[in-house]
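Novice: Provided herewith: model-v6.csv, CSV, C-alpha atoms and all ligand atoms.
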```
chain,number,residue,atom,x,y,z
M,286,MET,CA,34.0,117.1,87.6
M,287,ASN,CA,34.1,120.6,89.1
M,288,VAL,CA,37.8,120.9,90.1
M,289,SER,CA,37.3,124.0,92.3
M,290,THR,CA,35.2,122.1,94.9
M,291,GLU,CA,38.1,119.6,95.5
M,292,TYR,CA,41.0,122.0,95.1
M,293,ARG,CA,43.0,122.8,98.2
M,294,CYS,CA,44.8,126.0,98.9
M,295,GLY,CA,46.1,127.7,102.0
M,296,LEU,CA,48.8,129.7,103.7
M,297,VAL,CA,51.7,127.7,105.1
M,298,ALA,CA,53.9,129.6,107.6
M,299,ILE,CA,57.5,128.5,107.8
M,300,VAL,CA,59.2,129.0,111.2
M,301,GLY,CA,62.3,127.9,112.9
M,302,ARG,CA,65.4,129.3,114.5
M,303,PRO,CA,68.2,130.7,112.2
M,304,ASN,CA,70.2,128.3,110.2
M,305,VAL,CA,67.8,125.3,110.2
M,306,GLY,CA,67.4,125.5,106.5
M,307,LYS,CA,64.2,127.5,105.9
M,308,SER,CA,65.5,129.3,102.8
M,309,THR,CA,67.0,126.2,101.3
M,310,LEU,CA,63.8,124.3,101.8
M,311,LEU,CA,61.7,127.1,100.4
M,312,ASN,CA,63.9,127.3,97.3
M,313,ARG,CA,63.5,123.6,96.8
M,314,LEU,CA,59.8,123.7,97.1
M,315,VAL,CA,59.0,126.7,95.0
M,316,GLY,CA,62.0,127.1,92.7
M,317,GLN,CA,62.6,130.6,91.6
M,318,LYS,CA,61.7,133.6,93.8
M,319,VAL,CA,58.4,135.0,92.7
M,320,SER,CA,57.0,138.5,92.7
M,321,ILE,CA,53.4,138.9,93.4
M,322,THR,CA,51.7,141.6,91.3
M,323,SER,CA,48.4,141.5,93.1
M,324,ARG,CA,48.0,141.1,96.8
M,325,LYS,CA,45.1,139.2,98.3
M,326,ALA,CA,43.2,140.1,101.5
M,327,GLN,CA,44.2,136.8,103.1
M,328,THR,CA,47.8,137.7,102.9
M,329,THR,CA,47.9,141.2,104.2
M,330,ARG,CA,49.6,140.2,107.5
M,331,HIS,CA,52.2,138.0,105.8
M,332,ARG,CA,54.8,138.2,103.2
M,333,VAL,CA,54.4,135.7,100.5
M,334,MET,CA,57.7,134.0,100.0
M,335,GLY,CA,56.8,131.6,97.3
M,336,ILE,CA,54.0,129.6,95.8
M,337,HIS,CA,53.8,126.0,94.6
M,338,THR,CA,50.9,125.1,92.4
M,339,THR,CA,49.8,121.7,91.2
M,340,ASP,CA,46.6,120.5,89.6
M,341,ARG,CA,45.3,119.6,93.0
M,342,ALA,CA,46.6,122.2,95.4
M,343,GLN,CA,48.2,125.6,95.8
M,344,PHE,CA,50.7,126.1,98.7
M,345,VAL,CA,51.2,129.7,99.6
M,346,PHE,CA,54.4,129.9,101.7
M,347,VAL,CA,54.6,132.9,104.0
M,348,ASP,CA,57.0,134.2,106.6
M,349,THR,CA,56.1,135.7,109.9
M,350,PRO,CA,57.4,139.2,110.4
M,351,GLY,CA,58.8,139.9,113.9
M,352,PHE,CA,59.3,136.3,114.6
M,353,GLN,CA,62.1,136.2,117.2
M,354,THR,CA,63.1,134.1,120.1
M,355,ARG,CA,66.1,135.7,121.6
M,356,HIS,CA,64.6,138.2,124.1
M,357,THR,CA,61.9,137.9,126.7
M,358,SER,CA,61.4,141.6,127.8
M,359,THR,CA,57.9,143.0,128.1
M,360,MET,CA,58.1,144.6,124.7
M,361,ASN,CA,59.0,141.3,123.2
M,362,ARG,CA,56.3,139.6,125.0
M,363,ALA,CA,53.9,142.0,123.2
M,364,MET,CA,55.7,141.2,120.0
M,365,ASN,CA,55.4,137.5,120.6
M,366,LYS,CA,51.7,137.9,121.1
M,367,ARG,CA,51.5,139.5,117.7
M,368,VAL,CA,53.5,136.7,116.2
M,369,ARG,CA,51.1,134.2,117.7
M,370,GLU,CA,48.1,136.0,116.3
M,371,THR,CA,49.8,136.2,112.9
M,372,LEU,CA,50.6,132.5,112.9
M,373,SER,CA,47.0,131.6,113.8
M,374,ASP,CA,46.0,133.5,110.6
M,375,THR,CA,47.7,130.8,108.5
M,376,ASP,CA,46.3,127.3,107.7
M,377,VAL,CA,49.3,125.2,108.5
M,378,VAL,CA,52.4,126.0,110.5
M,379,MET,CA,55.6,124.2,109.4
M,380,MET,CA,58.4,124.3,111.9
M,381,LEU,CA,61.9,123.3,111.0
M,382,VAL,CA,64.5,121.8,113.2
M,383,GLU,CA,67.9,120.2,112.4
M,384,ALA,CA,68.1,116.4,112.7
M,385,GLY,CA,69.9,115.5,115.9
M,386,ARG,CA,69.7,119.0,117.5
M,387,LEU,CA,67.0,120.4,119.8
M,388,THR,CA,68.2,123.7,121.2
M,389,ARG,CA,66.8,126.2,123.7
M,390,GLU,CA,65.9,128.4,120.8
M,391,ASP,CA,64.0,125.6,119.1
M,392,ARG,CA,62.0,125.2,122.3
M,393,GLN,CA,61.3,128.9,122.4
M,394,VAL,CA,59.9,128.7,118.8
M,395,MET,CA,57.7,125.8,119.9
M,396,GLU,CA,56.2,128.0,122.6
M,397,LEU,CA,55.0,130.4,120.0
M,398,LEU,CA,53.2,127.9,117.9
M,399,PRO,CA,49.4,128.1,117.9
M,400,LYS,CA,47.5,125.3,119.4
M,401,ASP,CA,44.5,125.3,117.0
M,402,ARG,CA,46.3,124.8,113.7
M,403,PRO,CA,47.9,121.7,112.1
M,404,LEU,CA,51.5,121.8,113.1
M,405,LEU,CA,54.0,120.1,110.9
M,406,LEU,CA,57.5,119.4,112.3
M,407,VAL,CA,60.0,119.2,109.5
M,408,VAL,CA,63.2,117.5,110.6
M,409,ASN,CA,65.7,118.8,108.1
M,410,LYS,CA,69.3,117.9,107.3
M,411,VAL,CA,68.7,114.1,107.8
M,412,ASP,CA,71.6,113.6,105.4
M,413,GLN,CA,73.8,114.6,108.4
M,414,ALA,CA,72.2,112.1,110.8
M,415,LYS,CA,74.7,109.6,112.1
M,416,ASP,CA,72.6,106.5,111.7
M,417,ARG,CA,69.1,105.3,111.6
M,418,ALA,CA,68.9,104.5,115.3
M,419,ALA,CA,70.1,107.9,116.2
M,420,LEU,CA,67.5,109.5,113.9
M,421,MET,CA,64.7,107.4,115.4
M,422,ALA,CA,65.8,108.4,118.9
M,423,TYR,CA,65.8,112.0,117.8
M,424,LEU,CA,62.3,111.8,116.2
M,425,GLN,CA,61.0,110.4,119.5
M,426,GLN,CA,62.6,113.2,121.4
M,427,VAL,CA,61.0,115.9,119.3
M,428,ALA,CA,57.7,114.1,119.3
M,429,ALA,CA,57.7,114.3,123.1
M,430,ALA,CA,58.8,118.0,123.1
M,431,HIS,CA,55.6,119.3,121.5
M,432,ALA,CA,52.2,118.2,120.2
M,433,PHE,CA,53.0,118.1,116.5
M,434,THR,CA,50.3,116.9,114.1
M,435,GLU,CA,52.9,115.4,111.8
M,436,ILE,CA,56.6,114.9,111.7
M,437,VAL,CA,58.4,114.6,108.4
M,438,PRO,CA,62.1,114.1,108.0
M,439,VAL,CA,63.7,115.6,104.9
M,440,SER,CA,66.9,116.8,103.5
M,441,ALA,CA,66.3,120.2,101.8
M,442,LYS,CA,69.8,120.2,100.4
M,443,GLN,CA,69.6,116.8,98.7
M,444,GLY,CA,65.9,117.2,98.0
M,445,SER,CA,65.0,114.0,99.7
M,446,ASN,CA,61.5,113.2,100.9
M,447,LEU,CA,60.1,116.5,99.7
M,448,ASP,CA,57.3,114.8,97.8
M,449,GLU,CA,56.2,113.3,101.1
M,450,LEU,CA,56.4,116.6,102.8
M,451,LEU,CA,54.1,118.2,100.1
M,452,LYS,CA,51.7,115.3,100.3
M,453,THR,CA,51.5,115.7,104.1
M,454,LEU,CA,51.0,119.5,103.8
M,455,GLU,CA,48.3,119.1,101.2
M,456,LYS,CA,46.2,116.9,103.5
M,457,HIS,CA,46.0,119.8,105.9
M,458,LEU,CA,45.2,122.6,103.4
M,459,PRO,CA,41.5,123.6,103.4
M,460,GLU,CA,39.4,123.2,100.4
M,461,ASN,CA,39.7,126.4,98.5
M,462,PRO,CA,40.1,127.6,94.9
M,463,PRO,CA,43.7,128.8,94.2
M,464,LEU,CA,44.4,132.2,95.7
M,465,PHE,CA,46.8,133.2,93.0
M,466,GLY,CA,46.4,132.7,89.3
M,467,GLU,CA,49.3,132.8,86.8
M,468,ASP,CA,48.5,136.4,86.1
M,469,HIS,CA,49.2,137.3,89.7
M,470,VAL,CA,52.6,135.8,89.8
M,471,THR,CA,55.6,136.6,87.8
M,472,ASP,CA,58.9,134.9,87.7
M,473,GLN,CA,60.6,138.1,86.7
M,474,THR,CA,63.2,139.2,89.2
M,475,GLU,CA,62.2,142.1,91.4
M,476,ARG,CA,64.7,144.2,89.5
M,477,GLN,CA,63.0,143.4,86.1
M,478,LEU,CA,59.6,144.0,87.6
M,479,ALA,CA,60.6,147.4,89.0
M,480,ALA,CA,61.8,148.5,85.5
M,481,GLU,CA,58.6,147.1,83.9
M,482,LEU,CA,56.4,149.0,86.4
M,483,ILE,CA,58.2,152.3,85.6
M,484,ARG,CA,58.0,151.7,81.9
M,485,GLU,CA,54.3,151.0,82.2
M,486,LYS,CA,53.7,154.3,84.0
M,487,VAL,CA,55.6,156.2,81.4
M,488,PHE,CA,53.4,154.7,78.7
M,489,ARG,CA,50.2,155.2,80.7
M,490,LEU,CA,50.9,158.8,81.6
M,491,CYS,CA,52.6,160.0,78.4
M,492,GLY,CA,52.0,157.3,75.9
M,493,GLU,CA,50.5,159.4,73.1
M,494,GLU,CA,53.3,162.0,73.4
M,495,ILE,CA,56.2,159.5,73.4
M,496,PRO,CA,55.9,157.4,70.3
M,497,TYR,CA,59.3,155.7,70.7
M,498,ALA,CA,60.4,152.9,72.8
M,499,VAL,CA,61.5,154.0,76.3
M,500,ALA,CA,64.0,151.9,78.2
M,501,VAL,CA,64.3,151.9,81.9
M,502,VAL,CA,67.6,151.0,83.5
M,503,ILE,CA,67.8,150.0,87.2
M,504,ASP,CA,71.0,151.6,88.3
M,505,LYS,CA,70.9,150.3,91.8
M,506,PHE,CA,68.6,147.9,93.8
M,507,GLU,CA,69.3,147.6,97.5
M,508,GLU,CA,67.4,145.6,100.0
M,509,GLU,CA,67.6,146.6,103.7
M,510,GLY,CA,65.1,144.6,105.8
M,511,ASN,CA,61.7,145.4,104.5
M,512,LEU,CA,62.9,148.5,102.6
M,513,ARG,CA,64.0,148.5,99.0
M,514,ARG,CA,66.0,151.4,97.7
M,515,ILE,CA,65.7,151.6,93.9
M,516,PHE,CA,67.5,154.0,91.6
M,517,ALA,CA,66.3,154.0,88.1
M,518,THR,CA,66.9,156.0,84.8
M,519,ILE,CA,64.3,156.4,82.1
M,520,LEU,CA,66.1,156.6,78.8
M,521,VAL,CA,64.4,158.6,76.0
M,522,ASP,CA,65.4,159.3,72.4
M,523,ARG,CA,65.4,163.1,72.3
M,524,ASP,CA,65.4,166.2,74.5
M,525,SER,CA,61.8,167.0,73.6
M,526,HIS,CA,60.8,163.6,75.0
M,527,LYS,CA,62.8,164.2,78.2
M,528,ALA,CA,60.8,167.4,78.7
M,529,ILE,CA,57.5,165.5,78.2
M,530,VAL,CA,58.4,162.8,80.7
M,531,ILE,CA,59.5,165.3,83.3
M,532,GLY,CA,56.5,167.6,82.7
M,533,LYS,CA,56.0,171.2,84.0
M,534,GLY,CA,57.9,171.7,87.2
M,535,GLY,CA,58.7,168.0,87.3
M,536,GLU,CA,55.0,167.1,87.9
M,537,LYS,CA,54.7,164.3,85.4
M,538,LEU,CA,57.9,162.5,86.6
M,539,LYS,CA,56.7,162.9,90.1
M,540,THR,CA,53.4,161.2,89.3
M,541,ILE,CA,55.2,158.4,87.3
M,542,SER,CA,57.5,157.6,90.2
M,543,THR,CA,54.8,157.8,92.9
M,544,GLN,CA,52.5,155.5,91.0
M,545,ALA,CA,55.4,153.1,90.2
M,546,ARG,CA,56.5,153.2,93.8
M,547,LEU,CA,53.0,152.3,95.1
M,548,ASP,CA,52.8,149.4,92.6
M,549,MET,CA,56.2,148.2,93.8
M,550,GLU,CA,55.3,148.4,97.4
M,551,HIS,CA,52.2,146.3,96.6
M,552,ALA,CA,54.2,143.8,94.6
M,553,PHE,CA,57.1,143.4,96.9
M,554,ASP,CA,55.0,143.7,100.1
M,555,GLY,CA,57.4,146.2,101.7
M,556,ARG,CA,58.5,149.8,101.7
M,557,VAL,CA,60.2,151.3,98.6
M,558,TYR,CA,62.3,154.3,98.2
M,559,LEU,CA,62.4,155.2,94.5
M,560,GLU,CA,64.5,157.7,92.7
M,561,VAL,CA,63.9,158.1,89.0
M,562,TRP,CA,66.0,160.2,86.6
M,563,VAL,CA,65.4,160.9,82.9
M,564,LYS,CA,68.2,160.9,80.4
M,565,VAL,CA,68.5,161.3,76.7
M,566,LYS,CA,70.1,158.2,75.1
M,567,GLY,CA,73.3,159.3,73.5
M,568,GLY,CA,76.6,157.8,72.8
M,569,TRP,CA,77.7,154.2,72.9
M,570,ALA,CA,77.9,154.0,76.7
M,571,ASP,CA,74.2,154.6,77.2
M,572,ASP,CA,73.3,152.3,74.3
M,573,LEU,CA,75.3,149.5,75.9
M,574,ARG,CA,73.5,150.0,79.1
M,575,THR,CA,70.2,150.0,77.4
M,576,LEU,CA,71.0,146.7,75.6
M,577,LYS,CA,72.0,145.3,78.9
M,578,SER,CA,68.8,146.3,80.6
M,579,LEU,CA,66.9,144.7,77.9
M,580,GLY,CA,68.9,141.5,78.2
M,581,LEU,CA,70.3,141.9,74.7
M,582,ASP,CA,74.0,142.4,75.3
Z,601,LIG,N1,73.6,119.1,105.2
Z,601,LIG,C1,72.6,119.9,105.0
Z,601,LIG,N2,72.7,121.2,105.1
Z,601,LIG,C2,71.6,122.0,104.9
Z,601,LIG,C3,70.3,121.4,104.6
Z,601,LIG,N3,69.4,122.4,104.4
Z,601,LIG,C4,70.1,123.6,104.6
Z,601,LIG,N4,71.4,123.3,104.9
Z,601,LIG,C5,72.5,124.3,105.1
Z,601,LIG,O1,72.2,125.0,106.3
Z,601,LIG,C6,72.6,126.3,106.3
Z,601,LIG,C7,71.5,127.3,106.6
Z,601,LIG,O2,70.5,127.1,105.6
Z,601,LIG,P1,69.4,128.3,105.3
Z,601,LIG,O3,68.5,127.8,104.3
Z,601,LIG,O4,70.1,129.6,105.0
Z,601,LIG,O5,68.8,128.4,106.8
Z,601,LIG,P2,67.7,129.5,107.3
Z,601,LIG,O6,66.9,128.7,108.2
Z,601,LIG,O7,67.0,130.1,106.1
Z,601,LIG,O8,68.5,130.5,108.0
Z,601,LIG,P3,68.1,132.1,108.5
Z,601,LIG,O9,68.0,132.8,107.2
Z,601,LIG,O10,69.3,132.5,109.3
Z,601,LIG,O11,66.9,132.0,109.3
Z,601,LIG,C8,73.2,126.5,104.9
Z,601,LIG,O12,74.6,126.4,104.9
Z,601,LIG,C9,72.5,125.4,104.1
Z,601,LIG,O13,73.3,124.9,103.0
Z,601,LIG,C10,70.2,120.0,104.5
Z,601,LIG,O14,69.2,119.4,104.2
Z,601,LIG,N5,71.4,119.3,104.7
```
How does the structure come out when it is put into structure tokens?
Specialist:
Amino acid sequence: MNVSTEYRCGLVAIVGRPNVGKSTLLNRLVGQKVSITSRKAQTTRHRVMGIHTTDRAQFVFVDTPGFQTRHTSTMNRAMNKRVRETLSDTDVVMMLVEAGRLTREDRQVMELLPKDRPLLLVVNKVDQAKDRAALMAYLQQVAAAHAFTEIVPVSAKQGSNLDELLKTLEKHLPENPPLFGEDHVTDQTERQLAAELIREKVFRLCGEEIPYAVAVVIDKFEEEGNLRRIFATILVDRDSHKAIVIGKGGEKLKTISTQARLDMEHAFDGRVYLEVWVKVKGGWADDLRTLKSLGLD
């Protein structure tokens, strides 16, 4: 049997007003946060938040930049238009609400939902529902509020009914081969990946001249919206190696950090400010830091 003809894969947008449990659900569905080392054309308008792969399907969960429901000025109407366009770029839209609550903000989110995609309403936090009758009444209320393709009650926190949710989602994914292979996804943290990308550039750009192991320490890693500010130090064994890594007039180091930064922006799908220093390893303090960065302390 040719598996690829039956395999399902697609982009699943997760939307919902703040606090409905989007992050909790995503963590439950995909486990550890992943970094993508290779972006795909299909995902350029989205940020891939996580991937769940089985032997039958691959779910690529994405968020929708600019999704907001608070304002209705002209500028935001333009923004909402963009949000709508971005959402119709996905294969399935999954909207979350809290069991027992349907607020004005929820209704505003509903207004932004595309009409030509499968729409899944996930009623989260059912563990908080008072009783079965109240939950049934609530499900009827949300079913009347918008034309959802499916409604699935879950508790992201307790992990209940998530298999059912994935089964329902799978039905609505198009037949496609998986978008991401294992080699495109790493479960390294973004911090580790940043260090690895710098190290790789050092080897690529001065490999022959630096025969000894080079360690990269991430001194600071800050996230601010879509921008990551990363401060790193390349630790080398001797002064002569430091000179090689820095290069004439700092040219080599500049190339290393520019190439590493571009790779990071690609992998993290966001802007990166990168500052890289070179230091000669010396003394116990640096050695300790090196061991730490290698996870060997
Ligand atoms: N009781 C209960 N609480 C939940 C459940 N899912 C999430 N929560 C809680 O709801 C709160 C908000 O959850 P988040 O996952 O941060 O919500 P979010 O939608 O990502 O929020 P924003 O990042 O603000 O958009 C947290 O305190 C969660 O622990 C659930 O199934 N049951």
Novice: Pick from M:Ile531, M:Val499, M:Ala422, M:Met549: nearest to Arg476 of chain M, with all atoms listed in the file counted?
Specialist: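 Nearest candidate to Arg476 of chain M out of M:Ile531, M:Val499, M:Ala422, M:Met549: M:Met549.
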Novice: Interatomic distance between atom CA of Lys410 of chain M and atom CA of Ser308 of chain M?
Specialist: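 So the answer is 12.8 Å.
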Novice: Neighbouring residues of Leu381 of chain M were defined as those with any atom within 6 Å, considering all atoms listed in the file; residues of the same chain fewer than 6 positions away were excluded. Please report them as a PyMOL selection string.
Specialist: chain M and resi 301+407-408
Novice: Find the residues with any atom within 7 Å of (66.9, 122.8, 104.1); use only C-alpha atoms and the coordinates as given in the file, and write the answer as a list in words.
Specialist: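 These residues have at least one counted atom within 7 Å: Val305, Gly306, Lys307, Ser308, Thr309, Leu310, Asn409, Lys410, Ser440, Ala441 and Lys442 of chain M.
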Novice: Would you compute the distance between atom CA of Leu424 of chain M and atom CA of Asn304 of chain M? Give it in Å to one decimal.
Specialist: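 That distance, rounded to one decimal, is 19.3 Å.
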Novice: Considering only C-alpha atoms, state which residue in the set M:Ala419, M:Val557, M:Val394, M:Leu464 is at the smallest distance from His431 of chain M.
Specialist: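 Ranked by minimum distance to His431 of chain M, first place goes to M:Val394.
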